[in-house]
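Here is the file model.csv (CSV, C-alpha atoms).
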```
chain,number,residue,atom,x,y,z
A,10,MET,CA,-29.1,-71.3,148.7
A,11,LEU,CA,-26.9,-68.4,149.9
A,12,MET,CA,-27.9,-66.0,152.6
A,13,GLY,CA,-26.6,-62.4,152.4
A,14,VAL,CA,-25.8,-60.5,155.6
A,15,ARG,CA,-24.7,-56.9,155.8
A,16,CYS,CA,-21.1,-56.8,157.1
A,17,MET,CA,-18.2,-54.5,157.7
A,18,LEU,CA,-14.7,-55.8,157.8
A,19,MET,CA,-12.5,-53.7,160.1
A,20,ARG,CA,-9.0,-53.8,161.5
A,21,GLY,CA,-9.2,-53.2,165.3
A,22,GLY,CA,-5.8,-52.8,166.9
A,23,THR,CA,-3.7,-55.8,165.8
A,24,SER,CA,-6.7,-58.0,164.9
A,25,LYS,CA,-9.2,-58.1,162.0
A,26,GLY,CA,-12.8,-59.0,162.3
A,27,ALA,CA,-16.3,-59.0,160.8
A,28,TYR,CA,-18.7,-56.5,162.3
A,29,PHE,CA,-22.4,-57.0,162.3
A,30,LEU,CA,-25.5,-55.3,163.7
A,31,ALA,CA,-27.3,-57.6,166.1
A,32,GLN,CA,-30.5,-57.1,164.2
A,33,ASP,CA,-29.0,-58.6,161.1
A,34,LEU,CA,-28.2,-61.9,162.8
A,35,PRO,CA,-30.5,-64.6,164.3
A,36,ALA,CA,-31.5,-63.9,167.8
A,37,VAL,CA,-31.1,-67.6,168.8
A,38,ALA,CA,-27.5,-68.2,169.8
A,39,ALA,CA,-27.2,-71.6,168.1
A,40,GLU,CA,-28.6,-70.3,164.8
A,41,ARG,CA,-26.3,-67.2,165.0
A,42,ASP,CA,-23.2,-69.3,165.6
A,43,SER,CA,-24.1,-71.6,162.7
A,44,LEU,CA,-24.4,-68.6,160.4
A,45,LEU,CA,-21.1,-67.1,161.7
A,46,LEU,CA,-19.2,-70.3,161.0
A,47,SER,CA,-20.5,-70.4,157.4
A,48,LEU,CA,-19.7,-66.7,156.9
A,49,MET,CA,-16.2,-67.1,158.2
A,50,GLY,CA,-15.6,-70.3,156.4
A,51,SER,CA,-15.0,-72.6,159.4
A,52,PRO,CA,-14.0,-75.2,160.0
A,53,ASP,CA,-11.1,-75.0,157.5
A,54,PRO,CA,-7.5,-74.2,158.1
A,55,ARG,CA,-7.5,-71.6,155.3
A,56,GLN,CA,-11.2,-70.5,155.7
A,57,VAL,CA,-11.1,-70.4,152.0
A,58,ASP,CA,-14.9,-70.6,151.7
A,59,GLY,CA,-15.5,-67.6,153.9
A,60,ILE,CA,-14.2,-64.2,154.9
A,61,GLY,CA,-12.0,-65.4,157.8
A,62,GLY,CA,-8.3,-64.9,157.5
A,63,GLY,CA,-7.1,-68.4,158.5
A,64,HIS,CA,-5.7,-67.4,161.8
A,65,PRO,CA,-7.2,-66.7,165.3
A,66,LEU,CA,-6.3,-63.0,165.1
A,67,THR,CA,-8.3,-62.7,161.9
A,68,SER,CA,-11.2,-65.0,162.7
A,69,LYS,CA,-13.1,-62.7,165.0
A,70,VAL,CA,-16.6,-61.2,165.1
A,71,ALA,CA,-18.2,-58.2,166.7
A,72,VAL,CA,-22.0,-58.1,167.1
A,73,VAL,CA,-23.1,-54.5,168.0
A,74,SER,CA,-26.5,-53.0,168.9
A,75,ARG,CA,-27.9,-49.9,170.7
A,76,SER,CA,-27.4,-50.6,174.4
A,77,THR,CA,-30.3,-51.5,176.7
A,78,ASP,CA,-28.4,-49.9,179.5
A,79,PRO,CA,-29.3,-46.2,179.7
A,80,ASP,CA,-25.7,-45.4,180.9
A,81,CYS,CA,-24.1,-46.9,177.7
A,82,ASP,CA,-24.3,-46.1,174.0
A,83,VAL,CA,-23.9,-49.6,172.5
A,84,ASP,CA,-23.7,-53.2,173.5
A,85,PHE,CA,-20.9,-55.3,172.0
A,86,LEU,CA,-20.7,-59.1,171.9
A,87,PHE,CA,-17.3,-60.5,170.9
A,88,ALA,CA,-17.1,-64.0,169.3
A,89,GLN,CA,-13.9,-65.9,168.6
A,90,VAL,CA,-14.6,-68.1,165.7
A,91,GLY,CA,-12.6,-71.3,165.4
A,92,VAL,CA,-10.5,-71.7,162.3
A,93,ASP,CA,-10.2,-75.4,161.9
A,94,LYS,CA,-12.8,-76.3,164.5
A,95,PRO,CA,-16.6,-75.5,164.3
A,96,SER,CA,-16.5,-73.4,167.5
A,97,VAL,CA,-17.8,-70.0,168.4
A,98,ASP,CA,-16.6,-68.8,171.8
A,99,THR,CA,-18.2,-65.8,173.5
A,100,THR,CA,-16.5,-66.4,176.8
A,101,PRO,CA,-13.7,-63.9,176.4
A,102,ASN,CA,-13.6,-60.3,175.3
A,103,CYS,CA,-11.1,-58.7,172.9
A,104,GLY,CA,-9.8,-55.2,173.3
A,105,ASN,CA,-8.4,-55.0,169.8
A,106,ILE,CA,-11.8,-55.8,168.2
A,107,LEU,CA,-13.3,-53.4,170.8
A,108,ALA,CA,-11.2,-50.6,169.3
A,109,ALA,CA,-13.2,-50.6,166.1
A,110,VAL,CA,-16.6,-50.9,167.8
A,111,GLY,CA,-16.8,-47.1,168.3
A,112,PRO,CA,-16.1,-46.3,164.6
A,113,PHE,CA,-18.5,-49.0,163.5
A,114,ALA,CA,-21.3,-47.7,165.8
A,115,ILE,CA,-20.9,-44.2,164.4
A,116,GLU,CA,-20.8,-45.5,160.8
A,117,ARG,CA,-24.0,-47.5,161.3
A,118,GLY,CA,-25.8,-44.5,162.9
A,119,LEU,CA,-26.1,-46.0,166.4
A,120,VAL,CA,-24.2,-43.1,167.9
A,121,PRO,CA,-24.3,-39.5,166.5
A,122,ALA,CA,-20.9,-38.1,165.8
A,123,ARG,CA,-19.8,-34.8,167.3
A,124,ASP,CA,-17.6,-32.3,165.4
A,125,GLY,CA,-14.1,-33.0,166.9
A,126,VAL,CA,-14.1,-36.1,169.2
A,127,THR,CA,-17.0,-38.5,169.9
A,128,THR,CA,-17.0,-40.5,173.1
A,129,VAL,CA,-18.7,-43.9,172.8
A,130,ARG,CA,-19.5,-45.8,176.0
A,131,VAL,CA,-19.5,-49.6,175.3
A,132,ARG,CA,-20.9,-52.4,177.4
A,133,ILE,CA,-19.1,-55.6,176.6
A,134,LEU,CA,-21.8,-58.3,176.9
A,135,ASN,CA,-19.4,-61.2,177.2
A,136,THR,CA,-18.2,-59.9,180.6
A,137,GLY,CA,-20.6,-57.0,181.5
A,138,THR,CA,-17.7,-54.6,181.7
A,139,LEU,CA,-17.7,-51.0,180.5
A,140,SER,CA,-15.3,-49.0,178.5
A,141,GLU,CA,-15.1,-45.6,176.9
A,142,LEU,CA,-13.7,-45.0,173.5
A,143,ARG,CA,-12.7,-41.5,172.2
A,144,ILE,CA,-13.0,-41.4,168.4
A,145,GLU,CA,-11.7,-38.6,166.2
A,146,THR,CA,-14.7,-37.2,164.2
A,147,PRO,CA,-13.8,-33.9,162.5
A,148,GLY,CA,-16.8,-32.5,160.7
A,149,GLY,CA,-19.0,-35.2,162.2
A,150,ALA,CA,-17.4,-38.1,160.4
A,151,VAL,CA,-15.0,-40.9,161.5
A,152,GLU,CA,-11.4,-40.1,160.7
A,153,TYR,CA,-9.3,-43.1,160.1
A,154,LEU,CA,-6.1,-41.5,158.9
A,155,GLY,CA,-3.6,-40.0,161.4
A,156,GLU,CA,-0.1,-40.3,162.9
A,157,ALA,CA,-0.7,-42.8,165.8
A,158,ARG,CA,1.4,-45.9,165.5
A,159,ILE,CA,0.9,-49.2,167.3
A,160,ASP,CA,3.3,-52.1,167.0
A,161,GLY,CA,1.8,-55.1,165.3
A,162,ALA,CA,-0.2,-53.0,162.7
A,163,PRO,CA,1.4,-51.4,159.7
A,164,GLY,CA,1.5,-47.7,159.0
A,165,THR,CA,-0.2,-45.0,161.1
A,166,ALA,CA,-3.8,-44.1,161.8
A,167,ALA,CA,-6.0,-41.9,163.9
A,168,PRO,CA,-5.7,-42.6,167.6
A,169,ILE,CA,-8.5,-44.2,169.6
A,170,ALA,CA,-8.1,-43.8,173.4
A,171,ILE,CA,-9.7,-46.6,175.4
A,172,ASP,CA,-10.4,-46.5,179.1
A,173,PHE,CA,-11.6,-49.7,180.9
A,174,LEU,CA,-13.9,-48.7,183.7
A,175,ASP,CA,-14.4,-52.0,185.5
A,176,ALA,CA,-12.4,-54.8,183.9
A,177,GLU,CA,-11.3,-56.4,187.1
A,178,GLY,CA,-12.6,-60.0,187.4
A,179,SER,CA,-14.4,-59.7,184.0
A,180,VAL,CA,-14.6,-63.4,183.5
A,181,CYS,CA,-13.3,-65.1,186.7
A,182,GLY,CA,-15.4,-62.9,189.0
A,183,THR,CA,-12.4,-61.3,190.8
A,184,LEU,CA,-9.0,-60.1,190.0
A,185,LEU,CA,-7.2,-63.0,191.8
A,186,PRO,CA,-9.7,-65.9,191.6
A,187,THR,CA,-7.7,-68.0,194.2
A,188,GLY,CA,-7.2,-65.0,196.4
A,189,ARG,CA,-3.4,-65.4,196.1
A,190,VAL,CA,-0.8,-63.5,194.2
A,191,VAL,CA,1.2,-66.7,193.7
A,192,ASP,CA,0.0,-70.2,193.1
A,193,VAL,CA,2.0,-73.3,192.2
A,194,VAL,CA,0.4,-75.2,189.3
A,195,GLU,CA,2.0,-78.3,187.8
A,196,GLY,CA,5.2,-77.4,189.7
A,197,VAL,CA,5.4,-73.8,188.3
A,198,ALA,CA,4.9,-70.5,190.2
A,199,VAL,CA,2.1,-68.6,188.5
A,200,THR,CA,-0.2,-65.7,189.0
A,201,LEU,CA,-3.8,-66.5,188.0
A,202,ILE,CA,-5.3,-63.1,187.3
A,203,ASP,CA,-8.2,-61.4,185.4
A,204,ASN,CA,-8.1,-57.7,184.7
A,205,GLY,CA,-10.1,-57.9,181.5
A,206,MET,CA,-8.7,-61.3,180.4
A,207,PRO,CA,-8.1,-64.5,182.3
A,208,VAL,CA,-4.3,-65.0,182.1
A,209,ILE,CA,-1.8,-67.4,183.6
A,210,VAL,CA,1.4,-65.4,184.1
A,211,LEU,CA,4.6,-67.2,184.7
A,212,ARG,CA,8.3,-66.6,184.3
A,213,ALA,CA,9.7,-67.9,181.0
A,214,SER,CA,12.8,-69.1,182.9
A,215,ASP,CA,10.6,-71.4,185.0
A,216,VAL,CA,9.8,-73.5,181.9
A,217,GLY,CA,13.3,-73.4,180.6
A,218,ARG,CA,12.9,-70.5,178.1
A,219,THR,CA,14.3,-67.0,177.9
A,220,GLY,CA,11.1,-65.2,177.0
A,221,HIS,CA,12.8,-63.5,174.1
A,222,GLU,CA,12.5,-66.3,171.6
A,223,SER,CA,10.8,-65.6,168.3
A,224,ARG,CA,7.1,-66.3,167.8
A,225,GLU,CA,8.0,-68.8,165.1
A,226,LEU,CA,10.4,-70.7,167.3
A,227,LEU,CA,7.9,-71.0,170.2
A,228,ASP,CA,5.1,-72.1,167.8
A,229,LYS,CA,7.3,-75.1,166.8
A,230,ASP,CA,8.2,-75.9,170.4
A,231,VAL,CA,6.0,-78.9,170.9
A,232,GLU,CA,7.5,-79.8,174.3
A,233,LEU,CA,6.8,-76.2,175.7
A,234,LYS,CA,3.3,-76.1,174.3
A,235,ALA,CA,2.4,-79.5,175.8
A,236,ARG,CA,3.6,-78.3,179.2
A,237,LEU,CA,1.8,-75.0,179.0
A,238,GLU,CA,-1.4,-76.8,178.1
A,239,ALA,CA,-1.1,-79.0,181.1
A,240,ILE,CA,-0.7,-75.9,183.3
A,241,ARG,CA,-3.7,-74.3,181.6
A,242,LEU,CA,-6.0,-77.3,182.1
A,243,ALA,CA,-5.0,-77.5,185.7
A,244,ALA,CA,-5.5,-73.8,186.3
A,245,GLY,CA,-9.0,-73.6,184.6
A,246,PRO,CA,-11.0,-74.9,187.6
A,247,LEU,CA,-8.8,-72.7,190.0
A,248,MET,CA,-9.9,-69.7,187.9
A,249,ASN,CA,-13.6,-70.5,188.1
A,250,LEU,CA,-13.5,-71.4,184.4
A,251,GLY,CA,-14.1,-75.2,184.8
A,252,ASP,CA,-12.9,-77.5,182.1
A,253,VAL,CA,-11.1,-75.2,179.6
A,254,ARG,CA,-10.1,-77.9,177.1
A,255,ASP,CA,-12.4,-76.4,174.4
A,256,LYS,CA,-12.1,-72.8,175.6
A,257,VAL,CA,-9.9,-70.0,174.4
A,258,VAL,CA,-9.3,-68.8,178.0
A,259,PRO,CA,-7.3,-68.6,180.1
A,260,LYS,CA,-4.5,-67.2,177.9
A,261,ILE,CA,-0.9,-67.8,179.0
A,262,ALA,CA,1.8,-65.2,179.2
A,263,LEU,CA,5.5,-66.0,179.6
A,264,VAL,CA,7.3,-63.0,181.2
A,265,ALA,CA,10.9,-62.0,181.3
A,266,PRO,CA,13.1,-59.0,182.0
A,267,PRO,CA,12.8,-56.3,179.3
A,268,ARG,CA,15.6,-55.7,176.9
A,269,ASP,CA,14.3,-53.1,174.4
A,270,GLY,CA,13.6,-50.2,176.7
A,271,GLY,CA,10.3,-51.4,178.0
A,272,HIS,CA,9.2,-52.5,181.5
A,273,ILE,CA,8.5,-56.2,181.0
A,274,ALA,CA,8.9,-58.7,178.1
A,275,THR,CA,6.1,-61.1,177.1
A,276,ARG,CA,5.4,-64.1,174.9
A,277,SER,CA,1.6,-64.6,174.9
A,278,PHE,CA,-0.2,-67.9,173.9
A,279,ILE,CA,-3.8,-67.5,172.7
A,280,PRO,CA,-3.9,-70.2,174.0
A,281,HIS,CA,-2.3,-72.7,171.6
A,282,GLU,CA,-0.5,-70.4,169.3
A,283,CYS,CA,2.1,-67.7,170.2
A,284,HIS,CA,0.6,-64.3,169.6
A,285,ALA,CA,2.5,-62.1,167.1
A,286,ALA,CA,2.1,-59.3,169.6
A,287,ILE,CA,-0.2,-59.4,172.7
A,288,GLY,CA,-3.9,-58.9,173.1
A,289,VAL,CA,-5.2,-55.7,174.6
A,290,PHE,CA,-6.7,-57.2,177.8
A,291,ALA,CA,-3.9,-59.6,178.1
A,292,ALA,CA,-1.4,-56.7,178.1
A,293,VAL,CA,-3.5,-54.9,180.8
A,294,THR,CA,-3.7,-58.0,182.9
A,295,VAL,CA,0.1,-58.7,182.6
A,296,ALA,CA,0.9,-55.1,183.5
A,297,THR,CA,-1.5,-55.4,186.5
A,298,ALA,CA,0.3,-58.6,187.6
A,299,ALA,CA,3.6,-56.8,187.4
A,300,VAL,CA,2.6,-54.2,190.0
A,301,LEU,CA,1.6,-56.9,192.5
A,302,PRO,CA,4.5,-57.5,195.0
A,303,GLY,CA,5.8,-61.0,195.0
A,304,SER,CA,4.2,-62.1,191.7
A,305,PRO,CA,6.4,-63.8,189.1
A,306,ALA,CA,5.9,-60.8,186.9
A,307,SER,CA,7.1,-58.4,189.5
A,308,THR,CA,10.4,-60.2,189.9
A,309,VAL,CA,11.4,-59.6,186.3
A,310,ALA,CA,9.6,-56.3,185.6
A,311,ARG,CA,11.0,-52.8,186.0
A,312,ILE,CA,7.9,-50.9,186.9
A,313,PRO,CA,8.0,-47.0,187.1
A,314,GLU,CA,7.2,-45.2,190.3
A,315,GLY,CA,4.1,-43.0,190.9
A,316,ARG,CA,0.4,-43.5,191.2
A,317,VAL,CA,-0.1,-43.2,187.4
A,318,LYS,CA,2.1,-45.7,185.8
A,319,THR,CA,2.8,-46.0,182.0
A,320,VAL,CA,3.9,-49.6,181.5
A,321,SER,CA,5.6,-50.6,178.3
A,322,VAL,CA,4.9,-54.3,177.6
A,323,GLU,CA,7.4,-55.7,175.1
A,324,HIS,CA,6.2,-58.4,172.7
A,325,PRO,CA,7.5,-60.2,169.6
A,326,THR,CA,6.8,-57.3,167.2
A,327,GLY,CA,7.3,-54.3,169.4
A,328,GLU,CA,5.7,-52.9,172.6
A,329,PHE,CA,2.3,-52.2,174.0
A,330,THR,CA,1.8,-49.2,176.3
A,331,VAL,CA,-0.6,-49.6,179.2
A,332,ARG,CA,-1.6,-46.8,181.5
A,333,LEU,CA,-2.5,-47.9,185.1
A,334,GLU,CA,-3.8,-45.8,187.9
A,335,VAL,CA,-2.8,-47.4,191.2
A,336,ASP,CA,-4.1,-46.7,194.7
A,337,GLY,CA,-3.8,-48.6,198.0
A,338,THR,CA,-0.4,-49.2,199.6
A,339,ALA,CA,3.0,-50.4,198.4
A,340,GLU,CA,2.3,-53.8,200.0
A,341,GLN,CA,-1.3,-54.0,198.7
A,342,PRO,CA,-1.7,-51.9,195.5
A,343,VAL,CA,-5.1,-51.5,193.9
A,344,VAL,CA,-5.4,-50.8,190.2
A,345,THR,CA,-8.4,-48.4,189.8
A,346,ARG,CA,-8.3,-47.7,186.1
A,347,ALA,CA,-6.5,-49.0,183.0
A,348,GLY,CA,-6.3,-47.3,179.6
A,349,LEU,CA,-4.4,-47.5,176.4
A,350,LEU,CA,-4.1,-46.3,172.8
A,351,ARG,CA,-5.3,-48.3,169.8
A,352,THR,CA,-6.1,-47.6,166.1
A,353,ALA,CA,-8.7,-49.0,163.7
A,354,ARG,CA,-9.5,-48.9,160.0
A,355,LYS,CA,-12.6,-49.6,157.9
A,356,LEU,CA,-11.6,-52.2,155.3
A,357,PHE,CA,-14.8,-53.2,153.5
A,358,ASP,CA,-18.5,-52.5,153.8
A,359,GLY,CA,-21.0,-54.6,152.0
A,360,THR,CA,-22.7,-58.0,152.1
A,361,ALA,CA,-21.2,-61.3,153.1
A,362,PHE,CA,-22.8,-64.6,152.0
A,363,ALA,CA,-23.3,-67.8,153.9
A,364,ARG,CA,-24.5,-71.2,153.0
A,365,LEU,CA,-28.0,-71.4,154.3
A,366,PRO,CA,-28.3,-74.6,156.5
A,367,ALA,CA,-30.6,-77.3,155.1
A,368,ALA,CA,-33.3,-76.7,157.7
A,369,ALA,CA,-33.4,-73.0,156.9
A,370,ARG,CA,-33.5,-73.8,153.2
A,371,ASN,CA,-36.6,-76.0,153.7
A,372,VAL,CA,-38.3,-73.2,155.6
A,373,ALA,CA,-37.4,-70.7,153.0
A,374,ALA,CA,-38.7,-73.0,150.3
A,375,ALA,CA,-42.0,-73.5,152.1
A,376,GLU,CA,-42.4,-69.8,152.5
```
I need this file expressed as structure tokens, please.
Amino acid sequence: MLMGVRCMLMRGGTSKGAYFLAQDLPAVAAERDSLLLSLMGSPDPRQVDGIGGGHPLTSKVAVVSRSTDPDCDVDFLFAQVGVDKPSVDTTPNCGNILAAVGPFAIERGLVPARDGVTTVRVRILNTGTLSELRIETPGGAVEYLGEARIDGAPGTAAPIAIDFLDAEGSVCGTLLPTGRVVDVVEGVAVTLIDNGMPVIVLRASDVGRTGHESRELLDKDVELKARLEAIRLAAGPLMNLGDVRDKVVPKIALVAPPRDGGHIATRSFIPHECHAAIGVFAAVTVATAAVLPGSPASTVARIPEGRVKTVSVEHPTGEFTVRLEVDGTAEQPVVTRAGLLRTARKLFDGTAFARLPAAARNVAAAE
């Protein structure tokens, strides 16, 4: 028996995912996750029996509902669905998938659209953090076409401005879970940091790489990936994440001096594959690490002066611009707000079908 679920496929930033209303999915997490695995076609490297795209960047899910918080419009639960493993991880968040939550909420009638620009305040259930999205809605309808361009996504689209209101310590509980800007893990100087995404930031040169290698070359670098995984497993408990062997966090970012006009170069691992670009929250977190004096990132970055800093984070397919507002002192800066620009597009709206588990089939037959 097949079970149909209303679904919208959307590109959010440089990712693609399936967007669902919470009311259309089981309320019990285990039942929901089982259904999502079937819908996405996991576990299977190609996800050929589902709507997943066969890659971590295209095997993502957004579950959206009206918020129970009176100060927010919608609640958003992000799920990273394993491709070749039967896993559904709701530990992290995803700023790219977040970018399309506003348009989806308007399309589904959760938020009334204004004529011009509609602001959607989103509570990210994974971490409890808040964000504001500004969606272009001329005539009270979502506009997807426009001239905004982001590296890692083809063409242009309408801009979506995102401000993160309280991303610091979103998963680890504090910006620097060890209380230090620099730790030495497995013999390598790192910054263990969480400003929206738990990330281990280290100089590429400290693991014998330039930080400018192609994504394809790094993905084939078995020796490097083994070393990075050893660092990740050792860092997990230090970041209050426990055993991270089966988790998608923390991510890892190799940093290097910029060479294409930006402020810092990155190669991001998510965590076992090299990202074609860099995730939204990972970019925000790396940019934050770069403004901390003495951090590995600060030693290779060329950060602009001023309280409001526009930081260009280079990645394999271009750059990602992050806006930081920084208070405090030069010795102890405090990032008070982070923002950026993304785009999104509606790709498909209809019904996705899953294989109904045997237990559910028996219940359905009995009814």
Residue with smallest distance to Leu139 of chain A - pool A:Val253, A:Val264, A:Ala347, A:Ala291, counting all atoms listed in the file
A:Ala347
For segment 194-209 of chain A: contacts at 8 Å, all atoms listed in the file, fewer than 3 positions along chain excluded, given as a ChimeraX atom specification:
/A:101-102,176-181,183-187,189-191,212,215-216,239-241,243-244,248,258-262,290-291,293-295,297-298,304-305
Non-local contacts of segment 107-118 of chain A (10 Å; only C-alpha atoms; under 3 positions in same chain excluded) as a ChimeraX atom specification:
/A:17-26,28-30,71-75,82-87,102-104,121-123,127-131,133,140-146,149-153,168-171,289,350-355
Can you pull out every residue within 10 Å of Leu34 of chain A, counting all atoms listed in the file, but drop anything in the same chain fewer than 3 positions away, and send it as a list in words?
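In the requested form, the answer reads Val14, Arg15, Phe29, Leu30, Ala31, Val37, Ala38, Glu40, Arg41, Asp42, Leu44, Leu45 and Val72 of chain A.
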Of the residues A:Ile273, A:Glu225, A:Pro267, A:Gly137, which is the one nearest to Asp175 of chain A, using all atoms listed in the file?
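Using all atoms listed in the file, Asp175 of chain A sits closest to A:Gly137.
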If you measure from atom CA of Gly303 of chain A to atom CA of Glu282 of chain A, what distance in Å do you get, rounded to one decimal?
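Separation between atom CA of Gly303 of chain A and atom CA of Glu282 of chain A: 28.1 Å.
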Please compute the atom CA of Ala39 of chain A-atom CA of Gln56 of chain A distance, one decimal, in Å.
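Rounded to one decimal, the two atoms are 20.3 Å apart.
Picture a line from atom CA of Ala36 of chain A to atom CA of Thr360 of chain A; it runs 18.9 Å.
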Tell me, as JSON, numbers by chain, which residues lie within 9 Å of Pro313 of chain A, counting all atoms listed in the file; anything in the same chain fewer than 6 positions away does not count.
{"A": [272, 319, 320]}
Any idea what's packed within 8 Å of Lys94 of chain A, counting only C-alpha atoms, ignoring anything in its chain fewer than 4 positions away? Could you give it as number ranges by chain?
A: 51-53
The residues within 12 Å of (6.0, -72.9, 169.0), using only C-alpha atoms and the coordinates of the file, should be reported as number ranges by chain; which are they?
A: 218, 222-237, 276-285
Which is closest to Asp33 of chain A among A:Met49, A:Ile106, A:Cys16, A:Val90, if we use all atoms listed in the file?
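For Asp33 of chain A, the nearest of the given residues is A:Cys16.
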Just checking: using only C-alpha atoms, which residue out of A:Met12, A:Ser76, A:Gly337, A:Val331 ends up closest to Asp172 of chain A?
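Distance minimum relative to Asp172 of chain A lands on A:Val331.
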Nearest to Thr275 of chain A, chosen from A:His221, A:Arg332, A:Arg254, A:Arg346, with only C-alpha atoms counted in the distances
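Selected residue with least distance to Thr275 of chain A: A:His221.
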Could you write segment 66-79 of chain A as a JSON list (two decimals), keeping the file's coordinate frame, with N, CA and C atoms rebuilt where they are missing?
```json
[["chain", "number", "residue", "atom", "x", "y", "z"],
["A", 66, "LEU", "N", -6.27, -64.50, 164.98],
["A", 66, "LEU", "CA", -6.30, -63.00, 165.10],
["A", 66, "LEU", "C", -7.15, -62.40, 163.97],
["A", 67, "THR", "N", -7.49, -63.19, 162.95],
["A", 67, "THR", "CA", -8.30, -62.70, 161.90],
["A", 67, "THR", "C", -9.58, -63.46, 161.66],
["A", 68, "SER", "N", -9.95, -64.20, 162.71],
["A", 68, "SER", "CA", -11.20, -65.00, 162.70],
["A", 68, "SER", "C", -12.06, -64.53, 163.87],
["A", 69, "LYS", "N", -12.36, -63.25, 163.90],
["A", 69, "LYS", "CA", -13.10, -62.70, 165.00],
["A", 69, "LYS", "C", -14.33, -61.94, 164.53],
["A", 70, "VAL", "N", -15.30, -61.82, 165.43],
["A", 70, "VAL", "CA", -16.60, -61.20, 165.10],
["A", 70, "VAL", "C", -17.02, -60.25, 166.17],
["A", 71, "ALA", "N", -17.59, -59.13, 165.75],
["A", 71, "ALA", "CA", -18.20, -58.20, 166.70],
["A", 71, "ALA", "C", -19.70, -58.08, 166.31],
["A", 72, "VAL", "N", -20.56, -58.24, 167.31],
["A", 72, "VAL", "CA", -22.00, -58.10, 167.10],
["A", 72, "VAL", "C", -22.40, -56.86, 167.97],
["A", 73, "VAL", "N", -22.94, -55.82, 167.33],
["A", 73, "VAL", "CA", -23.10, -54.50, 168.00],
["A", 73, "VAL", "C", -24.60, -54.10, 167.86],
["A", 74, "SER", "N", -25.09, -53.46, 168.92],
["A", 74, "SER", "CA", -26.50, -53.00, 168.90],
["A", 74, "SER", "C", -26.55, -51.75, 169.84],
["A", 75, "ARG", "N", -27.63, -50.98, 169.73],
["A", 75, "ARG", "CA", -27.90, -49.90, 170.70],
["A", 75, "ARG", "C", -28.01, -50.58, 172.09],
["A", 76, "SER", "N", -27.45, -49.95, 173.10],
["A", 76, "SER", "CA", -27.40, -50.60, 174.40],
["A", 76, "SER", "C", -28.81, -50.49, 175.08],
["A", 77, "THR", "N", -29.13, -51.53, 175.83],
["A", 77, "THR", "CA", -30.30, -51.50, 176.70],
["A", 77, "THR", "C", -30.04, -50.89, 178.02],
["A", 78, "ASP", "N", -28.77, -50.56, 178.27],
["A", 78, "ASP", "CA", -28.40, -49.90, 179.50],
["A", 78, "ASP", "C", -28.37, -48.38, 179.24],
["A", 79, "PRO", "N", -29.17, -47.61, 179.99],
["A", 79, "PRO", "CA", -29.30, -46.20, 179.70],
["A", 79, "PRO", "C", -27.94, -45.43, 179.93]]
```
